[in-house]
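What's in structure.cif: mmCIF, C-alpha atoms
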data_data
#
loop_
_atom_site.group_PDB
_atom_site.id
_atom_site.type_symbol
_atom_site.label_atom_id
_atom_site.label_comp_id
_atom_site.auth_asym_id
_atom_site.auth_seq_id
_atom_site.Cartn_x
_atom_site.Cartn_y
_atom_site.Cartn_z
ATOM 1 C CA MET A 206 0.000 0.000 0.000
ATOM 2 C CA LYS A 207 1.450 3.325 -1.054
ATOM 3 C CA PHE A 208 1.057 6.764 0.459
ATOM 4 C CA LYS A 209 2.564 9.753 -1.299
ATOM 5 C CA PHE A 210 2.785 13.274 0.067
ATOM 6 C CA ILE A 211 3.965 16.531 -1.486
ATOM 7 C CA LYS A 212 5.071 18.878 1.271
ATOM 8 C CA LYS A 213 6.409 22.429 1.283
ATOM 9 C CA LEU A 214 9.449 21.478 3.300
ATOM 10 C CA SER A 215 12.816 23.119 2.982
ATOM 11 C CA CYS A 216 16.045 21.520 4.145
ATOM 12 C CA ASP A 217 19.722 22.402 3.902
ATOM 13 C CA ASN A 218 20.774 19.037 5.260
ATOM 14 C CA PRO A 219 18.933 16.087 3.717
ATOM 15 C CA MET A 220 20.425 13.699 6.277
ATOM 16 C CA GLN A 221 18.998 15.649 9.220
ATOM 17 C CA CYS A 222 15.725 16.036 7.363
ATOM 18 C CA THR A 223 15.564 12.297 6.744
ATOM 19 C CA GLU A 224 16.586 11.361 10.286
ATOM 20 C CA ARG A 225 13.812 13.516 11.708
ATOM 21 C CA ILE A 226 11.139 11.829 9.626
ATOM 22 C CA ASN A 227 12.737 8.399 10.076
ATOM 23 C CA LYS A 228 12.490 8.762 13.871
ATOM 24 C CA ILE A 229 8.806 9.664 13.653
ATOM 25 C CA PHE A 230 7.987 6.833 11.245
ATOM 26 C CA ASN A 231 9.967 4.237 13.179
ATOM 27 C CA GLU A 232 8.155 5.082 16.396
ATOM 28 C CA GLN A 233 4.850 4.626 14.594
ATOM 29 C CA PHE A 234 5.503 1.811 12.120
ATOM 30 C CA GLY A 235 8.657 0.065 13.323
ATOM 31 C CA GLU A 236 8.423 -3.696 13.743
ATOM 32 C CA ASN A 237 11.275 -5.683 15.166
ATOM 33 C CA ILE A 238 11.557 -8.519 12.695
ATOM 34 C CA GLU A 239 15.094 -9.823 12.282
ATOM 35 C CA GLY A 240 16.307 -9.668 8.703
ATOM 36 C CA ALA A 241 12.987 -8.583 7.273
ATOM 37 C CA ALA A 242 11.257 -5.354 6.334
ATOM 38 C CA THR A 243 7.527 -4.636 6.478
ATOM 39 C CA TRP A 244 7.593 -1.071 5.191
ATOM 40 C CA HIS A 245 9.901 1.625 3.877
ATOM 41 C CA PHE A 246 9.904 5.286 3.086
ATOM 42 C CA SER A 247 11.665 7.491 0.536
ATOM 43 C CA ILE A 248 12.092 11.248 0.347
ATOM 44 C CA TYR A 249 12.902 13.443 -2.632
ATOM 45 C CA HIS A 250 14.410 16.580 -1.089
ATOM 46 C CA GLU A 251 13.560 19.475 -3.368
ATOM 47 C CA ASN A 252 13.281 22.699 -1.453
ATOM 48 C CA ASN A 253 9.662 23.625 -0.767
ATOM 49 C CA ASN A 254 8.618 20.616 -2.814
ATOM 50 C CA HIS A 255 9.506 17.482 -0.883
ATOM 51 C CA THR A 256 7.956 14.219 -2.004
ATOM 52 C CA ILE A 257 7.562 11.604 0.713
ATOM 53 C CA TRP A 258 6.542 8.027 -0.028
ATOM 54 C CA VAL A 259 5.563 5.445 2.568
ATOM 55 C CA PHE A 260 5.014 1.850 1.465
ATOM 56 C CA PHE A 261 3.404 -0.775 3.679
ATOM 57 C CA TYR A 262 3.888 -4.209 2.181
ATOM 58 C CA ASP A 263 0.648 -6.059 1.489
ATOM 59 C CA LYS A 264 2.089 -9.557 1.071
ATOM 60 C CA ASN A 265 5.020 -11.638 2.219
ATOM 61 C CA GLY A 266 7.748 -11.634 -0.423
ATOM 62 C CA GLU A 267 6.426 -8.664 -2.429
ATOM 63 C CA HIS A 268 8.352 -5.428 -2.240
ATOM 64 C CA GLU A 269 6.609 -2.286 -3.441
ATOM 65 C CA SER A 270 8.182 0.851 -4.851
ATOM 66 C CA GLU A 271 7.415 3.500 -7.428
ATOM 67 C CA ARG A 272 8.831 4.088 -10.891
ATOM 68 C CA HIS A 273 7.607 6.872 -13.143
ATOM 69 C CA GLY A 274 4.571 7.276 -10.915
ATOM 70 C CA MET A 275 3.598 3.623 -11.139
ATOM 71 C CA THR A 276 3.774 1.116 -8.302
ATOM 72 C CA VAL A 277 6.335 -1.607 -9.003
ATOM 73 C CA ILE A 278 6.168 -5.026 -7.318
ATOM 74 C CA GLN A 279 9.441 -6.943 -6.869
ATOM 75 C CA LYS A 280 9.780 -10.432 -5.477
ATOM 76 C CA LEU A 281 11.939 -10.194 -2.370
ATOM 77 C CA GLU A 282 12.232 -12.915 0.248
ATOM 78 C CA THR A 283 13.112 -10.483 3.016
ATOM 79 C CA VAL A 284 9.796 -8.658 2.727
ATOM 80 C CA ARG A 285 7.020 -9.420 5.232
ATOM 81 C CA LYS A 286 3.453 -8.240 5.313
ATOM 82 C CA PHE A 287 2.901 -5.136 7.444
ATOM 83 C CA THR A 288 0.767 -6.262 10.377
ATOM 84 C CA LYS A 289 0.351 -3.115 12.429
ATOM 85 C CA PRO A 290 -2.808 -1.022 12.034
ATOM 86 C CA ILE A 291 -2.414 1.200 8.963
ATOM 87 C CA LEU A 292 -3.158 4.854 9.574
ATOM 88 C CA THR A 293 -5.208 6.958 7.244
ATOM 89 C CA GLU A 294 -3.487 9.283 4.806
ATOM 90 C CA LYS A 295 -4.399 12.261 6.953
ATOM 91 C CA GLU A 296 -3.105 10.576 10.098
ATOM 92 C CA ILE A 297 0.235 9.836 8.431
ATOM 93 C CA GLU A 298 0.505 13.357 7.070
ATOM 94 C CA ASN A 299 -0.079 14.769 10.542
ATOM 95 C CA LEU A 300 2.947 12.865 11.813
ATOM 96 C CA PHE A 301 5.449 15.146 10.114
ATOM 97 C CA MET B 124 67.382 -10.592 -70.262
ATOM 98 C CA GLY B 125 69.985 -7.855 -70.053
ATOM 99 C CA PHE B 126 69.267 -4.197 -70.705
ATOM 100 C CA SER B 127 71.439 -4.084 -73.855
ATOM 101 C CA GLY B 128 72.261 -7.660 -74.551
ATOM 102 C CA GLY B 129 73.181 -9.140 -77.908
ATOM 103 C CA GLY B 130 75.544 -6.308 -78.901
ATOM 104 C CA SER B 131 72.906 -4.411 -80.822
ATOM 105 C CA ASN B 132 71.459 -0.972 -80.296
ATOM 106 C CA VAL B 133 67.987 -2.387 -79.927
ATOM 107 C CA LEU B 134 66.595 -1.826 -76.464
ATOM 108 C CA LYS B 135 65.778 -5.217 -75.141
ATOM 109 C CA PRO B 136 62.753 -5.944 -72.935
ATOM 110 C CA HIS B 137 63.687 -5.276 -69.362
ATOM 111 C CA LYS B 138 62.123 -4.894 -65.915
ATOM 112 C CA HIS B 139 64.482 -2.517 -64.114
ATOM 113 C CA ASP B 140 65.217 -5.320 -61.695
ATOM 114 C CA GLY B 141 68.139 -4.083 -59.618
ATOM 115 C CA THR B 142 69.248 -7.648 -58.903
ATOM 116 C CA VAL B 143 69.712 -8.420 -62.608
ATOM 117 C CA VAL B 144 72.866 -7.259 -64.398
ATOM 118 C CA GLN B 145 72.268 -4.856 -67.252
ATOM 119 C CA ASP B 146 68.487 -4.688 -66.619
ATOM 120 C CA GLY B 147 68.423 -0.917 -66.347
ATOM 121 C CA GLY B 148 68.858 -0.798 -62.604
ATOM 122 C CA PRO B 149 66.103 0.167 -60.172
ATOM 123 C CA LEU B 150 63.633 2.550 -61.763
ATOM 124 C CA ASP B 151 64.029 5.924 -60.118
ATOM 125 C CA PHE B 152 60.546 7.433 -59.539
ATOM 126 C CA ASP B 153 61.905 10.237 -57.452
ATOM 127 C CA ASN B 154 61.465 13.445 -59.407
ATOM 128 C CA ILE B 155 62.851 11.925 -62.621
ATOM 129 C CA THR B 156 60.401 9.517 -64.165
ATOM 130 C CA GLN B 157 57.672 11.404 -65.971
ATOM 131 C CA ALA B 158 54.195 10.611 -67.208
ATOM 132 C CA ASP B 159 51.238 12.618 -68.415
ATOM 133 C CA LEU B 160 50.005 13.278 -64.889
ATOM 134 C CA THR B 161 48.381 16.134 -63.060
ATOM 135 C CA ALA B 162 49.361 17.304 -59.630
ATOM 136 C CA GLY B 163 47.860 15.007 -57.022
ATOM 137 C CA ASP B 164 47.205 12.121 -59.366
ATOM 138 C CA VAL B 165 47.584 8.619 -58.010
ATOM 139 C CA VAL B 166 48.684 5.837 -60.317
ATOM 140 C CA PHE B 167 47.423 2.308 -59.997
ATOM 141 C CA SER B 168 47.188 -0.789 -62.151
ATOM 142 C CA ASP B 169 43.945 -2.083 -63.573
ATOM 143 C CA GLY B 170 45.680 -5.410 -64.096
ATOM 144 C CA VAL B 171 46.804 -4.629 -67.626
ATOM 145 C CA HIS B 172 47.888 -1.004 -67.759
ATOM 146 C CA LEU B 173 48.730 1.746 -65.345
ATOM 147 C CA GLN B 174 45.879 4.153 -64.737
ATOM 148 C CA ARG B 175 45.746 7.576 -63.184
ATOM 149 C CA LEU B 176 43.302 8.483 -60.483
ATOM 150 C CA PRO B 177 42.836 12.256 -60.260
ATOM 151 C CA ILE B 178 43.038 13.726 -56.815
ATOM 152 C CA GLY B 179 39.740 13.796 -54.950
ATOM 153 C CA THR B 180 38.208 16.675 -53.063
ATOM 154 C CA PRO B 181 39.050 17.787 -49.533
ATOM 155 C CA SER B 182 37.665 15.451 -46.828
ATOM 156 C CA GLN B 183 37.353 12.546 -49.274
ATOM 157 C CA GLY B 184 39.130 9.312 -48.432
ATOM 158 C CA LEU B 185 40.646 6.644 -50.647
ATOM 159 C CA GLN B 186 38.292 3.686 -50.803
ATOM 160 C CA VAL B 187 37.794 0.559 -52.894
ATOM 161 C CA SER B 188 35.194 0.747 -55.657
ATOM 162 C CA GLY B 189 32.746 -1.953 -56.651
ATOM 163 C CA ALA B 190 35.183 -2.887 -59.426
ATOM 164 C CA ASN B 191 37.810 -3.487 -56.740
ATOM 165 C CA LEU B 192 39.836 -0.465 -57.765
ATOM 166 C CA PRO B 193 40.902 2.570 -55.780
ATOM 167 C CA ALA B 194 38.490 5.491 -55.800
ATOM 168 C CA TRP B 195 37.957 8.675 -53.848
ATOM 169 C CA ALA B 196 34.728 8.821 -51.845
ATOM 170 C CA ALA B 197 33.242 10.557 -48.851
ATOM 171 C CA ALA B 198 35.280 9.673 -45.785
ATOM 172 C CA GLY B 199 33.588 7.062 -43.619
ATOM 173 C CA GLY B 200 34.822 8.212 -40.221
ATOM 174 C CA ALA B 201 32.642 8.271 -37.116
ATOM 175 C CA SER B 202 30.336 11.153 -36.470
ATOM 176 C CA PHE B 203 29.364 12.171 -32.985
ATOM 177 C CA ASN B 204 26.143 13.524 -31.640
ATOM 178 C CA ASN B 205 26.412 14.304 -27.996
ATOM 179 C CA GLN B 206 23.368 14.572 -25.777
ATOM 180 C CA SER B 207 24.147 15.633 -22.267
ATOM 181 C CA THR B 208 21.655 16.001 -19.483
ATOM 182 C CA ASN B 209 22.675 17.237 -16.092
ATOM 183 C CA LEU B 210 20.336 15.878 -13.477
ATOM 184 C CA ALA B 211 20.356 16.765 -9.824
ATOM 185 C CA SER B 212 18.550 14.892 -7.130
ATOM 186 C CA THR B 213 18.765 14.610 -3.373
ATOM 187 C CA PHE B 214 16.995 11.466 -2.367
ATOM 188 C CA SER B 215 16.901 9.204 0.673
ATOM 189 C CA THR B 216 15.294 5.847 1.245
ATOM 190 C CA SER B 217 15.098 2.922 3.637
ATOM 191 C CA SER B 218 14.036 0.582 0.847
ATOM 192 C CA THR B 219 15.597 -2.883 0.792
ATOM 193 C CA GLY B 220 14.409 -3.427 -2.765
ATOM 194 C CA PHE B 221 15.507 -1.347 -5.713
ATOM 195 C CA THR B 222 13.596 1.872 -5.909
ATOM 196 C CA GLY B 223 13.870 4.542 -8.591
ATOM 197 C CA VAL B 224 15.515 7.806 -7.620
ATOM 198 C CA THR B 225 13.242 10.681 -8.488
ATOM 199 C CA GLY B 226 14.933 13.156 -10.786
ATOM 200 C CA LEU B 227 17.538 10.742 -12.117
ATOM 201 C CA THR B 228 15.732 9.578 -15.215
ATOM 202 C CA HIS B 229 16.929 10.259 -18.723
ATOM 203 C CA THR B 230 15.326 9.436 -22.049
ATOM 204 C CA GLY B 231 17.850 9.205 -24.868
ATOM 205 C CA THR B 232 17.020 8.998 -28.554
ATOM 206 C CA GLN B 233 19.592 8.099 -31.165
ATOM 207 C CA ALA B 234 19.262 8.062 -34.939
ATOM 208 C CA SER B 235 21.815 5.367 -35.641
ATOM 209 C CA GLY B 236 24.976 3.733 -34.418
ATOM 210 C CA TYR B 237 25.901 3.407 -30.790
ATOM 211 C CA SER B 238 25.420 5.582 -27.766
ATOM 212 C CA ASN B 239 27.777 6.007 -24.889
ATOM 213 C CA VAL B 240 25.984 6.764 -21.662
ATOM 214 C CA THR B 241 27.829 8.101 -18.671
ATOM 215 C CA PHE B 242 26.311 8.466 -15.257
ATOM 216 C CA VAL B 243 27.970 10.288 -12.398
ATOM 217 C CA GLY B 244 26.526 10.029 -8.926
ATOM 218 C CA SER B 245 27.254 9.846 -5.230
ATOM 219 C CA VAL B 246 25.760 7.749 -2.445
ATOM 220 C CA SER B 247 26.011 7.529 1.322
ATOM 221 C CA ALA B 248 24.440 5.780 4.295
ATOM 222 C CA ASN B 249 23.751 6.681 7.907
ATOM 223 C CA ASP B 250 25.461 3.564 9.247
ATOM 224 C CA ALA B 251 28.500 1.534 8.307
ATOM 225 C CA GLY B 252 28.418 -2.140 7.488
ATOM 226 C CA HIS B 253 25.296 -2.133 5.410
ATOM 227 C CA VAL B 254 25.426 -2.612 1.689
ATOM 228 C CA ILE B 255 24.273 0.078 -0.667
ATOM 229 C CA GLU B 256 23.492 -1.060 -4.147
ATOM 230 C CA ALA B 257 23.103 1.338 -7.019
ATOM 231 C CA ARG B 258 22.204 0.346 -10.540
ATOM 232 C CA ILE B 259 21.274 1.893 -13.835
ATOM 233 C CA THR B 260 18.441 0.367 -15.757
ATOM 234 C CA LYS B 261 17.613 0.701 -19.426
ATOM 235 C CA ASP B 262 13.927 0.335 -20.149
ATOM 236 C CA GLY B 263 13.559 -1.292 -16.743
ATOM 237 C CA ALA B 264 16.348 -3.862 -17.145
ATOM 238 C CA LYS B 265 19.633 -3.627 -15.266
ATOM 239 C CA ILE B 266 22.648 -2.746 -17.352
ATOM 240 C CA VAL B 267 25.203 -1.818 -14.709
ATOM 241 C CA GLN B 268 25.262 -2.171 -10.952
ATOM 242 C CA ALA B 269 27.662 -1.200 -8.172
ATOM 243 C CA THR B 270 27.867 -2.189 -4.515
ATOM 244 C CA TYR B 271 29.269 -0.130 -1.670
ATOM 245 C CA GLU B 272 29.889 -1.518 1.780
ATOM 246 C CA GLY B 273 32.165 -1.407 4.815
ATOM 247 C CA THR B 274 33.048 1.663 6.815
ATOM 248 C CA GLU B 275 32.618 3.884 3.799
ATOM 249 C CA PRO B 276 30.495 5.673 2.902
ATOM 250 C CA GLN B 277 29.240 6.310 6.396
ATOM 251 C CA ASN B 278 27.737 9.765 6.254
ATOM 252 C CA GLY B 279 30.345 10.640 3.645
ATOM 253 C CA TYR B 280 29.255 10.659 0.048
ATOM 254 C CA LYS B 281 31.050 8.260 -2.254
ATOM 255 C CA ASN B 282 31.325 9.273 -5.878
ATOM 256 C CA PHE B 283 31.189 6.936 -8.804
ATOM 257 C CA VAL B 284 31.056 6.949 -12.587
ATOM 258 C CA HIS B 285 29.369 4.381 -14.781
ATOM 259 C CA THR B 286 29.845 4.394 -18.527
ATOM 260 C CA PHE B 287 28.478 1.949 -21.054
ATOM 261 C CA TRP B 288 27.377 1.555 -24.670
ATOM 262 C CA VAL B 289 23.866 0.943 -25.915
ATOM 263 C CA THR B 290 22.360 0.448 -29.350
ATOM 264 C CA SER B 291 18.643 0.894 -28.902
ATOM 265 C CA ASP B 292 16.809 3.667 -30.708
ATOM 266 C CA THR B 293 15.038 5.183 -27.744
ATOM 267 C CA VAL B 294 15.944 4.236 -24.231
ATOM 268 C CA ASP B 295 14.871 5.249 -20.761
ATOM 269 C CA PHE B 296 17.626 5.228 -18.173
ATOM 270 C CA ASP B 297 16.824 5.184 -14.485
ATOM 271 C CA PHE B 298 18.985 5.182 -11.392
ATOM 272 C CA ASP B 299 17.819 2.722 -8.720
ATOM 273 C CA VAL B 300 19.155 2.222 -5.210
ATOM 274 C CA LEU B 301 18.619 0.105 -2.124
ATOM 275 C CA ILE B 302 20.133 -0.464 1.306
ATOM 276 C CA SER B 303 20.531 -3.981 2.624
ATOM 277 C CA ASN B 304 19.068 -3.245 6.070
ATOM 278 C CA GLY B 305 15.748 -1.431 6.200
ATOM 279 C CA ALA B 306 16.485 -0.099 9.674
ATOM 280 C CA TYR B 307 18.961 2.291 8.041
ATOM 281 C CA ILE B 308 18.860 4.874 5.308
ATOM 282 C CA MET B 309 20.860 5.540 2.192
ATOM 283 C CA TYR B 310 21.221 8.843 0.410
ATOM 284 C CA VAL B 311 21.794 9.981 -3.136
ATOM 285 C CA GLN B 312 23.290 13.423 -3.460
ATOM 286 C CA GLY B 313 22.773 15.981 -6.159
ATOM 287 C CA GLY B 314 23.481 19.678 -6.090
ATOM 288 C CA ALA B 315 26.053 22.109 -7.308
ATOM 289 C CA THR B 316 29.274 20.528 -6.065
ATOM 290 C CA ILE B 317 28.681 16.846 -6.715
ATOM 291 C CA GLY B 318 26.066 16.442 -9.359
ATOM 292 C CA SER B 319 24.429 13.462 -10.863
ATOM 293 C CA SER B 320 24.276 13.513 -14.601
ATOM 294 C CA PHE B 321 23.594 11.439 -17.644
ATOM 295 C CA SER B 322 25.286 12.127 -20.935
ATOM 296 C CA LEU B 323 24.564 10.243 -24.127
ATOM 297 C CA MET B 324 27.055 10.379 -27.015
ATOM 298 C CA GLU B 325 25.894 8.942 -30.314
ATOM 299 C CA VAL B 326 28.530 7.523 -32.639
ATOM 300 C CA SER B 327 27.443 6.607 -36.135
#

Encoded form (structure tokens):
Amino acid sequence: MKFKFIKKLSCDNPMQCTERINKIFNEQFGENIEGAATWHFSIYHENNNHTIWVFFYDKNGEHESERHGMTVIQKLETVRKFTKPILTEKEIENLF
Amino acid sequence: MGFSGGGSNVLKPHKHDGTVVQDGGPLDFDNITQADLTAGDVVFSDGVHLQRLPIGTPSQGLQVSGANLPAWAAAGGASFNNQSTNLASTFSTSSTGFTGVTGLTHTGTQASGYSNVTFVGSVSANDAGHVIEARITKDGAKIVQATYEGTEPQNGYKNFVHTFWVTSDTVDFDFDVLISNGAYIMYVQGGATIGSSFSLMEVS
């Protein structure tokens, strides 16, 4: 499941920008599964035009990402289904 | 047969073979031997007689005709058509599967021949010991891939250059990345000092 946000964020240091959002997301979505991932996020850091993607994996073994605006499914053994309650788009947006 | 054998004044057939006594000696072409030639003419044999080939025009090259004889024709050297696109992107992800980096996509179109594509980029991670993989895809298929691991690049961008040849008419190039551990983050840097760029040079 993909969520995509366009935000008027400005950052001089993309690492600090990413770490801030990573901390928020990890507190909310983090699952302690050894050697596996249940979600991921990506950020395109254009000043005043940040794009933030959050992907929650729907199935075991199916990684989701985006290419040219389209969702791409890749077979990946280390992917597990996201089992935590999924927030609404508005709820996620209010996190950052 | 000697050059003047038989004691007569009749010029005997000869070949100007320098290894044969009285055969006229080596024929001296250097500024002595004359023929009805024009400046720049080239002389060749058609198998029976010598023939003159008038000089060609500037930029022409000497080639072989359909009759298997020398001829001047348009030079067949390579021509270059360079397409260069400077792309900048600052991107971060915790993805453990390849994900496309926004802003680092280039569509190249070539009329003929081959294209050289060069990609310059830089990557980093917020923790050592986790593998970063970066690859370039052409129309969605991997054509070159690099792996970075160890203590570098821990919060220090690591530059790289990929260059390769392609032959397709129209191709989409994308830059994909991943990090081996989803608990960490990898970065792709753009900007003024260390840019990410594609250039496509067509050779035909």

Between chain B and chain A, at 9 Å or less, what are the per-residue closest atom pairs and their distances in Å? Count only C-alpha atoms, order by chain and rising residue number, and return it as CSV.
residue,atom,partner,partner_atom,distance
B:Ser212,CA,A:Tyr249,CA,7.4
B:Thr213,CA,A:His250,CA,5.3
B:Phe214,CA,A:Tyr249,CA,4.6
B:Ser215,CA,A:Ile248,CA,5.2
B:Thr216,CA,A:Ser247,CA,4.0
B:Ser217,CA,A:His245,CA,5.4
B:Ser218,CA,A:His245,CA,5.2
B:Thr219,CA,A:Ala242,CA,7.5
B:Gly220,CA,A:His268,CA,6.4
B:Phe221,CA,A:Ser270,CA,7.7
B:Thr222,CA,A:Ser270,CA,5.6
B:Gly223,CA,A:Arg272,CA,5.6
B:Val224,CA,A:Tyr249,CA,8.0
B:Thr225,CA,A:Tyr249,CA,6.5
B:Gly226,CA,A:Tyr249,CA,8.4
B:Thr228,CA,A:His273,CA,8.8
B:Asn249,CA,A:Met220,CA,7.9
B:Asn278,CA,A:Met220,CA,8.3
B:Asp297,CA,A:Arg272,CA,8.8
B:Asn304,CA,A:Gly240,CA,7.5
B:Gly305,CA,A:Ala242,CA,6.0
B:Ala306,CA,A:Ala242,CA,8.1
B:Tyr307,CA,A:Asn227,CA,9.0
B:Ile308,CA,A:Thr223,CA,8.2
B:Tyr310,CA,A:Met220,CA,7.7
B:Gln312,CA,A:Pro219,CA,8.8

Write the selection just made, keeping C-alpha atoms, as a compact mmCIF listing (two decimals), keeping the file's coordinate frame?
# COMPACT_ATOMS: atom_id res chain seq x y z
CA SER B 212 18.55 14.89 -7.13
CA THR B 213 18.76 14.61 -3.37
CA PHE B 214 17.00 11.47 -2.37
CA SER B 215 16.90 9.20 0.67
CA THR B 216 15.29 5.85 1.25
CA SER B 217 15.10 2.92 3.64
CA SER B 218 14.04 0.58 0.85
CA THR B 219 15.60 -2.88 0.79
CA GLY B 220 14.41 -3.43 -2.76
CA PHE B 221 15.51 -1.35 -5.71
CA THR B 222 13.60 1.87 -5.91
CA GLY B 223 13.87 4.54 -8.59
CA VAL B 224 15.52 7.81 -7.62
CA THR B 225 13.24 10.68 -8.49
CA GLY B 226 14.93 13.16 -10.79
CA THR B 228 15.73 9.58 -15.22
CA ASN B 249 23.75 6.68 7.91
CA ASN B 278 27.74 9.76 6.25
CA ASP B 297 16.82 5.18 -14.48
CA ASN B 304 19.07 -3.24 6.07
CA GLY B 305 15.75 -1.43 6.20
CA ALA B 306 16.48 -0.10 9.67
CA TYR B 307 18.96 2.29 8.04
CA ILE B 308 18.86 4.87 5.31
CA TYR B 310 21.22 8.84 0.41
CA GLN B 312 23.29 13.42 -3.46

statement: The distance between atom CA of Met309 of chain B and atom CA of Pro290 of chain A is 26.5 Å

- request: Starting from the displayed file, determine the output of the PyMOL selection byres ((chain B and resi 169-182) around 8) and express the residue list as an NGL selection string.
  value: :B and (160-168 or 183-184 or 192-198)

message: Need the shell around Gln233 of chain A: protein/DNA/RNA residues with any atom at most 10 Å away, counting all atoms listed in the file. Skip same-chain ones fewer than 5 positions apart. Format as a PyMOL selection string?
response: chain A and resi 227-228+289-292+297+300

query: Which protein, DNA or RNA residues have an atom at most 6 Å from (20.3, -0.5, -1.1), counting all atoms listed in the file? List them as number ranges by chain.
result: B: 219, 255-256, 300-303

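Under the PyMOL selection byres ((chain B and resi 262) around 12), the matching residues in the shown file are Arg272 and His273 of chain A; Thr228, His229, Thr230, Gly231, Ile259, Thr260, Lys261, Gly263, Ala264, Lys265, Ile266, Val289, Ser291, Asp292, Thr293, Val294, Asp295, Phe296, Asp297 and Phe298 of chain B.
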
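Across the model, the gap from atom CA of Phe234 of chain A to atom CA of Asp299 of chain B is 24.2 Å.
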
task: Rounded to one decimal place, report the atom CA of Lys295 of chain A-atom CA of Asp217 of chain A distance in Å.
output: 26.3 Å

task: Apply the PyMOL selection byres ((chain B and resi 280) around 6) to the displayed file and report the matching residues as an MDAnalysis selection string.
output: chainID B and resid 245:247 276 279 281

- prompt: Is there a way to get, as a ChimeraX atom specification, all residues within 8 Å of the point (66.8, -1.9, -67.4) in file coordinates, counting all atoms listed in the file?
  reply: /B:125-126,136-140,145-150

Around all listed atoms of segment 237-245 of chain A, padded 3 Å per side, what centre and edge lengths does the axis-aligned box have in Å to one decimal, as JSON?
{"center_x": 11.9, "center_y": -4.1, "center_z": 9.5, "size_x": 14.8, "size_y": 17.4, "size_z": 17.3}

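For the residues A:Lys209, A:Asn299, A:Cys216, A:Ile226, ranking by smallest atom-to-atom distance to Asn253 of chain A using only C-alpha atoms places A:Cys216 first.
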
message: At a cut-off of 9 Å, using only C-alpha atoms, what residues contact Val284 of chain B? Leave out same-chain residues fewer than 2 positions from it and give the result as a list in words.
response: Thr241, Phe242, Val243, Gly244, Ser245, Asn282 and Thr286 of chain B

- line: The residue from A:Glu294, A:Phe301, A:Asn265, A:Asn254 with the smallest atom-to-atom distance to Phe208 of chain A, counting only C-alpha atoms, is A:Glu294
